[in-house]
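Here is the structure we will look at, set down as structure tokens.
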Amino acid sequence: MVQRVCLVSGGTGGHLMPALVLARAMRTCGHEPMLVTEGRAVERELVARELPDLPEMALPSSRGSRFALPFWLLRATVAARRLLRERAVDCVVSTGGRPSVPMGLAAKSLGVPLYLLEQNAVTGRANRFLQPLAQRIYHGLPSNDRASARSLLTGTPLRPGLGRIDRRSAREQLELPQDATVVLVTGGSQGARALNETVPAALLRTGRPLHVLHLSGLGNDAAVRAAYSSGAGRVVANVRPVALDMDRLFAAADLVVCRGGGTTVAELCVVGRPAVIVPYPHHRDQQQLRNAEVLVRAGAAMVVEESELTVESLAQLLDALLVDPERLQAMGRAALCVAGGNAVAAILHDMGLSSAGTGGAS
């Protein structure tokens with residue numbers, strides 16, 4: 001039976017990309033997914049790039065003071081109830097973010113099954129609030145929070161191309177020398193100021209001939225490109241604001257310098273790449289640090305907290321890693337050991353959505 005599935009996501013690409021991957025897979029199986037977001041420009045742009053024909057709706061904006069939040073929550077929940085009824089939605093899948101709260105409350109009030117996807121090793125605030133209402137909680141990373149019998153470790157839904165291209169082919173397509181040392185720098189969908197400002201100087205200070213693939217985030221590429229320009233040819237930098245070919249970028253890299261978002265950590269596991277992770281420091285529950293520790297415990301990554309990040313210390317760490325290709329390869333193999341199975345298949349099978357002929361979740 002064809003199911004109408006409402007996916008809800010807000011915030012960064014780390015929340016939104018898994019929702020889009022699931023939506024694409026659900027459509028392939030014959031179901032009818034739709035997406036609810038906060039309606040921000042960065043969300044609209046990502047959807048337009050990845051799945052432009054996916055029906056997308058936005059809840060009322062939550063911008064304003066914290067004192068206005070209860071009024072927004074009431075207004076947004078009423079709008080969410082109306083949307084679920086008008087669209088005859090069969091189930092709701094939340095990947096986190098603020099709009100998931102009113103959508104989850106609306107689903108519960110209407111008796112619509114609610115499923116949660118938690119990409120991080122620490123359950124986020126929205127999913128923590130909704131957990132008692134959910135029929136199932138899918139976890140992207142091993143977590144100490146998985147005490148509920150309704151929890152299932154599945155891994156995070158990722159772009160299907162990740163891990164399927166080899167290093168040689170990726171470098172040919174990116175026009176990189178096969179014998180070059182390649183570093184990928186990415187701060188996630190919105191970029192990271194700490195990486196943009198510190199990593200170019202640190203890589204230049206190593207004095208090594210390098211090829212760098214640096215994703216700066218929208219509006220930051222000119223400044224980052226200028227930061228690499230003093231390398232006198234030792235560092236050849238390809239700076240982009242964003243990328244659609246992450247499968248090739250990961251495959252081409254010898255080392256990745258990145259934030260510690262749940263989706264990024266899951267990608268590192270699937271592609272088997274060593275990493276230096278600089279976690280975002282302003283989460284109250286240190287979410288990105290806990291994600292990174294999953295790889296650190298496996299011997300696949302090293303963590304530098306932003307409070308300790310300096311050009312000199314980072315240059316020393318990068319130099320020590322880049323001088324030792326065997327160590328990098330061992331770290332990459334360790335990352336592969338953390339990767340689980342096919343997250344998309346596991347989630348769709350558990351929900352009863354493996355095909356439109358198998359019936360839906362109930």
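As shown in the structure tokens, the chain order sets the letters A, B, ...; within each chain, residues go from 1, and ligands are also counted from 1 in the order they appear.
All residues of protein, DNA or RNA that reach within 9 Å of Gly14 in chain A, judged by only C-alpha atoms and not counting those fewer than 6 positions away in the chain, are Thr95, Gln119, Gly188, Ser189, Gly261, Gly262, Thr263 and Thr264 of chain A.
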Could you please take those selected residues and save N, CA and C atoms as an mmCIF file, in the first residue's frame?
```cif
data_model
loop_
_atom_site.group_PDB
_atom_site.id
_atom_site.type_symbol
_atom_site.label_atom_id
_atom_site.label_comp_id
_atom_site.auth_asym_id
_atom_site.auth_seq_id
_atom_site.Cartn_x
_atom_site.Cartn_y
_atom_site.Cartn_z
ATOM 1 N N THR A 95 13.900 14.113 11.616
ATOM 2 C CA THR A 95 15.352 14.000 11.699
ATOM 3 C C THR A 95 15.937 15.085 12.591
ATOM 4 N N GLN A 119 20.916 11.397 14.604
ATOM 5 C CA GLN A 119 22.197 11.165 13.947
ATOM 6 C C GLN A 119 23.374 11.220 14.911
ATOM 7 N N GLY A 188 31.017 21.527 7.230
ATOM 8 C CA GLY A 188 29.588 21.238 7.170
ATOM 9 C C GLY A 188 28.882 22.150 6.188
ATOM 10 N N SER A 189 27.558 22.054 6.169
ATOM 11 C CA SER A 189 26.774 22.746 5.144
ATOM 12 C C SER A 189 26.892 24.262 5.224
ATOM 13 N N GLY A 261 29.778 16.888 13.200
ATOM 14 C CA GLY A 261 28.353 16.599 13.075
ATOM 15 C C GLY A 261 28.105 15.112 12.873
ATOM 16 N N GLY A 262 26.932 14.633 13.294
ATOM 17 C CA GLY A 262 26.632 13.208 13.198
ATOM 18 C C GLY A 262 26.723 12.680 11.781
ATOM 19 N N THR A 263 26.228 13.453 10.809
ATOM 20 C CA THR A 263 26.274 13.003 9.420
ATOM 21 C C THR A 263 27.712 12.967 8.918
ATOM 22 N N THR A 264 28.516 13.968 9.267
ATOM 23 C CA THR A 264 29.922 13.975 8.851
ATOM 24 C C THR A 264 30.664 12.770 9.412
#
```
Long-range neighbours of Arg193 in chain A as a compact mmCIF listing (two decimals) with N, CA and C atoms, in the first residue's frame, 12 Å cut-off, only C-alpha atoms, 3 positions minimum in chain:
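result.txt written:
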```
# COMPACT_ATOMS: atom_id res chain seq x y z
N VAL A 185 39.05 19.73 3.65
CA VAL A 185 38.63 20.54 4.79
C VAL A 185 37.16 20.89 4.60
N THR A 186 36.33 20.54 5.57
CA THR A 186 34.91 20.86 5.45
C THR A 186 34.32 21.19 6.80
N GLY A 187 33.60 22.29 6.84
CA GLY A 187 32.95 22.72 8.08
C GLY A 187 31.48 22.45 8.08
N GLY A 188 31.02 21.53 7.23
CA GLY A 188 29.59 21.24 7.17
C GLY A 188 28.88 22.15 6.19
N GLN A 190 27.19 24.80 6.39
CA GLN A 190 27.27 26.25 6.54
C GLN A 190 28.70 26.76 6.71
N ASN A 196 37.96 27.82 8.64
CA ASN A 196 38.30 28.73 7.55
C ASN A 196 39.47 29.65 7.92
N GLU A 197 39.54 30.05 9.18
CA GLU A 197 40.57 31.01 9.59
C GLU A 197 41.88 30.34 10.00
N THR A 198 41.80 29.10 10.51
CA THR A 198 42.99 28.47 11.09
C THR A 198 43.64 27.44 10.18
N VAL A 199 42.85 26.65 9.47
CA VAL A 199 43.41 25.54 8.71
C VAL A 199 44.32 26.01 7.57
N PRO A 200 43.95 27.01 6.76
CA PRO A 200 44.87 27.43 5.69
C PRO A 200 46.24 27.81 6.22
N LEU A 215 35.98 23.27 1.58
CA LEU A 215 34.59 23.71 1.47
C LEU A 215 34.36 24.76 2.55
N SER A 216 34.13 25.98 2.14
CA SER A 216 34.16 27.13 3.05
C SER A 216 32.81 27.53 3.60
N GLY A 217 31.72 27.08 2.96
CA GLY A 217 30.40 27.60 3.28
C GLY A 217 30.10 28.81 2.40
N LEU A 218 28.82 29.07 2.20
CA LEU A 218 28.40 30.15 1.30
C LEU A 218 28.91 31.50 1.77
N GLY A 219 29.48 32.26 0.83
CA GLY A 219 29.93 33.61 1.12
C GLY A 219 31.32 33.70 1.72
N ASN A 220 31.97 32.57 1.96
CA ASN A 220 33.28 32.59 2.61
C ASN A 220 34.42 32.22 1.68
N ASP A 221 34.12 31.81 0.46
CA ASP A 221 35.15 31.22 -0.39
C ASP A 221 36.23 32.22 -0.81
N ALA A 223 37.50 34.81 0.83
CA ALA A 223 38.44 35.05 1.93
C ALA A 223 39.33 33.83 2.16
N VAL A 224 38.77 32.63 2.05
CA VAL A 224 39.56 31.42 2.26
C VAL A 224 40.56 31.25 1.12
N CYS A 258 37.66 18.48 9.80
CA CYS A 258 36.22 18.74 9.74
C CYS A 258 35.62 19.03 11.11
N ARG A 259 34.35 19.42 11.11
CA ARG A 259 33.54 19.47 12.32
C ARG A 259 33.12 18.04 12.68
N VAL A 278 37.43 19.07 14.71
CA VAL A 278 37.32 20.23 15.60
C VAL A 278 35.84 20.41 15.90
N TYR A 280 32.17 21.56 17.04
CA TYR A 280 31.49 22.82 17.33
C TYR A 280 31.35 22.94 18.85
N GLU A 306 38.04 23.46 20.03
CA GLU A 306 38.23 24.79 19.46
C GLU A 306 38.93 25.73 20.44
```
Could you give me the residues within range 52-285 of chain A that DSSP places in alpha helix (DSSP H), as a CSV table (one decimal) with C-alpha atoms, in the first residue's frame?
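Written file, part.csv:
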```
chain,number,residue,atom,x,y,z
A,69,LEU,CA,8.3,30.3,22.0
A,70,PRO,CA,5.1,29.0,23.7
A,71,PHE,CA,2.9,31.0,21.4
A,72,TRP,CA,4.9,29.9,18.3
A,73,LEU,CA,4.7,26.3,19.5
A,74,LEU,CA,0.9,26.5,19.8
A,75,ARG,CA,0.5,28.2,16.4
A,76,ALA,CA,2.9,25.8,14.7
A,77,THR,CA,1.2,22.7,16.2
A,78,VAL,CA,-2.2,23.9,15.0
A,79,ALA,CA,-0.7,24.4,11.5
A,80,ALA,CA,0.9,21.0,11.6
A,81,ARG,CA,-2.3,19.3,12.6
A,82,ARG,CA,-4.1,21.0,9.7
A,83,LEU,CA,-1.3,19.9,7.3
A,84,LEU,CA,-1.4,16.3,8.4
A,85,ARG,CA,-5.2,16.1,8.0
A,86,GLU,CA,-5.3,17.8,4.7
A,100,SER,CA,10.0,18.6,14.5
A,101,VAL,CA,8.5,19.5,17.9
A,102,PRO,CA,5.1,20.8,16.7
A,103,MET,CA,5.0,18.2,14.0
A,104,GLY,CA,5.6,15.5,16.6
A,105,LEU,CA,2.9,16.9,18.9
A,106,ALA,CA,0.5,17.1,16.0
A,107,ALA,CA,1.2,13.5,14.9
A,108,LYS,CA,0.6,12.2,18.4
A,109,SER,CA,-2.6,14.2,18.9
A,110,LEU,CA,-4.0,12.7,15.6
A,125,ARG,CA,16.8,18.4,22.5
A,126,ALA,CA,13.9,18.1,20.0
A,127,ASN,CA,14.3,14.3,19.8
A,128,ARG,CA,14.7,14.0,23.6
A,129,PHE,CA,11.4,15.9,24.0
A,130,LEU,CA,9.6,13.7,21.4
A,167,ARG,CA,40.8,6.9,-4.9
A,168,ARG,CA,42.3,6.8,-8.4
A,169,SER,CA,39.1,7.5,-10.2
A,170,ALA,CA,38.2,10.3,-7.8
A,171,ARG,CA,41.5,12.0,-8.4
A,172,GLU,CA,41.3,11.6,-12.2
A,173,GLN,CA,37.8,13.2,-12.1
A,174,LEU,CA,39.0,16.0,-9.9
A,193,ARG,CA,34.8,30.1,10.8
A,194,ALA,CA,37.4,28.4,13.0
A,195,LEU,CA,38.4,26.0,10.2
A,196,ASN,CA,38.3,28.7,7.6
A,197,GLU,CA,40.6,31.0,9.6
A,198,THR,CA,43.0,28.5,11.1
A,199,VAL,CA,43.4,25.5,8.7
A,200,PRO,CA,44.9,27.4,5.7
A,201,ALA,CA,47.6,29.0,7.8
A,202,ALA,CA,48.3,25.7,9.6
A,203,LEU,CA,48.6,23.8,6.3
A,204,LEU,CA,50.9,26.5,4.9
A,205,ARG,CA,53.1,26.3,8.0
A,221,ASP,CA,35.2,31.2,-0.4
A,222,ALA,CA,36.9,34.4,-1.5
A,223,ALA,CA,38.4,35.0,1.9
A,224,VAL,CA,39.6,31.4,2.3
A,225,ARG,CA,41.0,31.4,-1.3
A,226,ALA,CA,43.0,34.6,-0.3
A,227,ALA,CA,44.3,32.9,2.8
A,228,TYR,CA,45.9,30.1,0.7
A,246,MET,CA,31.2,14.7,-1.6
A,247,ASP,CA,31.7,11.0,-2.7
A,248,ARG,CA,34.7,12.1,-4.9
A,249,LEU,CA,36.1,14.6,-2.4
A,250,PHE,CA,36.2,12.0,0.4
A,251,ALA,CA,37.6,9.3,-1.9
A,252,ALA,CA,40.4,11.6,-3.1
A,262,GLY,CA,26.6,13.2,13.2
A,263,THR,CA,26.3,13.0,9.4
A,264,THR,CA,29.9,14.0,8.9
A,265,VAL,CA,31.1,11.3,11.3
A,266,ALA,CA,28.9,8.7,9.6
A,267,GLU,CA,30.3,9.7,6.2
A,268,LEU,CA,33.9,9.3,7.5
A,269,CYS,CA,33.0,5.8,8.6
A,270,VAL,CA,31.5,4.8,5.3
A,271,VAL,CA,34.3,6.2,3.2
```
At most 12 Å is the cut-off: for each residue in range 48-101 of chain A with any atom that close to an atom of range 343-352 of chain A, write down the nearest atom pair and the distance in Å rounded to one decimal, counting only C-alpha atoms, chain first then increasing number, as a tab-separated table.
```
residue	atom	partner	partner_atom	distance
A:Asp90	CA	A:Met351	CA	11.4
A:Cys91	CA	A:Met351	CA	9.4
A:Val92	CA	A:Met351	CA	10.9
A:Val93	CA	A:Met351	CA	10.1
```
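Candidate residues A:Cys29, A:Asp245, A:Pro325, A:Met17 were compared for distance to Gly163 in chain A, and the nearest is A:Asp245, using only C-alpha atoms.
Nearest to Gly207 in chain A of all the residues A:Asn342, A:Ser230, A:Gln131, A:Gln3 is A:Ser230, counting only C-alpha atoms.
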For CA of Val235 in chain A and CA of Ala300 in chain A, the interatomic separation in Å (one decimal): 25.1 Å
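Rounded to one decimal, CA of Ala25 in chain A and CA of Asp53 in chain A lie 13.9 Å from each other.
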Tell me which protein, DNA and RNA residues are within 7 Å of Gly30 in chain A, counting only C-alpha atoms, leaving out same-chain ones fewer than 3 positions away, and put them as a list in words. Val2, Met26, Arg27, Ser355 and Ala356 of chain A
May I have a table of the residues of range 37-150 of chain A lying at most 9 Å from range 283-297 of chain A, giving each one's closest pair of atoms and their distance in Å to one decimal, counting only C-alpha atoms, ordered by chain and ascending residue number, as a tab-separated table?
```
residue	atom	partner	partner_atom	distance
A:Asn120	CA	A:Asn291	CA	6.1
A:Ala121	CA	A:Asn291	CA	5.2
A:Val122	CA	A:Gln287	CA	5.7
A:Thr123	CA	A:Gln287	CA	8.1
A:Gly124	CA	A:Gln287	CA	7.8
A:Leu141	CA	A:Asn291	CA	7.5
A:Pro142	CA	A:Val294	CA	7.5
A:Ser143	CA	A:Val294	CA	9.0
```
Range 159-249 of chain A: which residues are strand (DSSP E or B) by DSSP, as JSON, numbers by chain? {"A": [182, 183, 184, 185, 186, 210, 211, 212, 213, 214, 215, 235, 236, 237, 238, 239, 240]}
Measure the distance from CA of Ser229 in chain A to CA of Glu175 in chain A in Å and round it to one decimal. 19.6 Å
Could you give me, as a compact mmCIF listing (two decimals) with C-alpha atoms, in the first residue's frame, the residues within 12 Å of Leu54 in chain A, counting only C-alpha atoms and dropping anything in the same chain fewer than 5 positions from it?
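Dumped everything to result_13.txt:
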```txt
# COMPACT_ATOMS: atom_id res chain seq x y z
CA VAL A 5 5.13 10.08 4.62
CA CYS A 6 5.85 13.49 6.11
CA LEU A 7 9.55 14.04 6.82
CA ALA A 19 15.66 13.36 5.39
CA LEU A 20 16.27 13.94 1.68
CA VAL A 21 18.05 10.59 1.32
CA LEU A 22 15.11 8.83 2.98
CA ALA A 23 12.64 10.74 0.82
CA ARG A 24 14.40 9.66 -2.36
CA MET A 26 10.77 6.12 -0.22
CA ARG A 27 9.83 7.48 -3.62
CA GLU A 32 4.74 9.60 -1.50
CA PRO A 33 7.12 11.59 0.71
CA MET A 34 6.80 15.27 1.53
CA LEU A 35 9.04 17.56 3.57
CA VAL A 36 8.37 20.13 6.30
CA ARG A 44 15.32 25.76 0.30
CA LEU A 46 19.67 22.39 -0.33
CA VAL A 47 16.33 20.88 -1.31
CA ALA A 48 16.49 22.59 -4.71
CA ARG A 49 19.94 21.06 -5.30
```
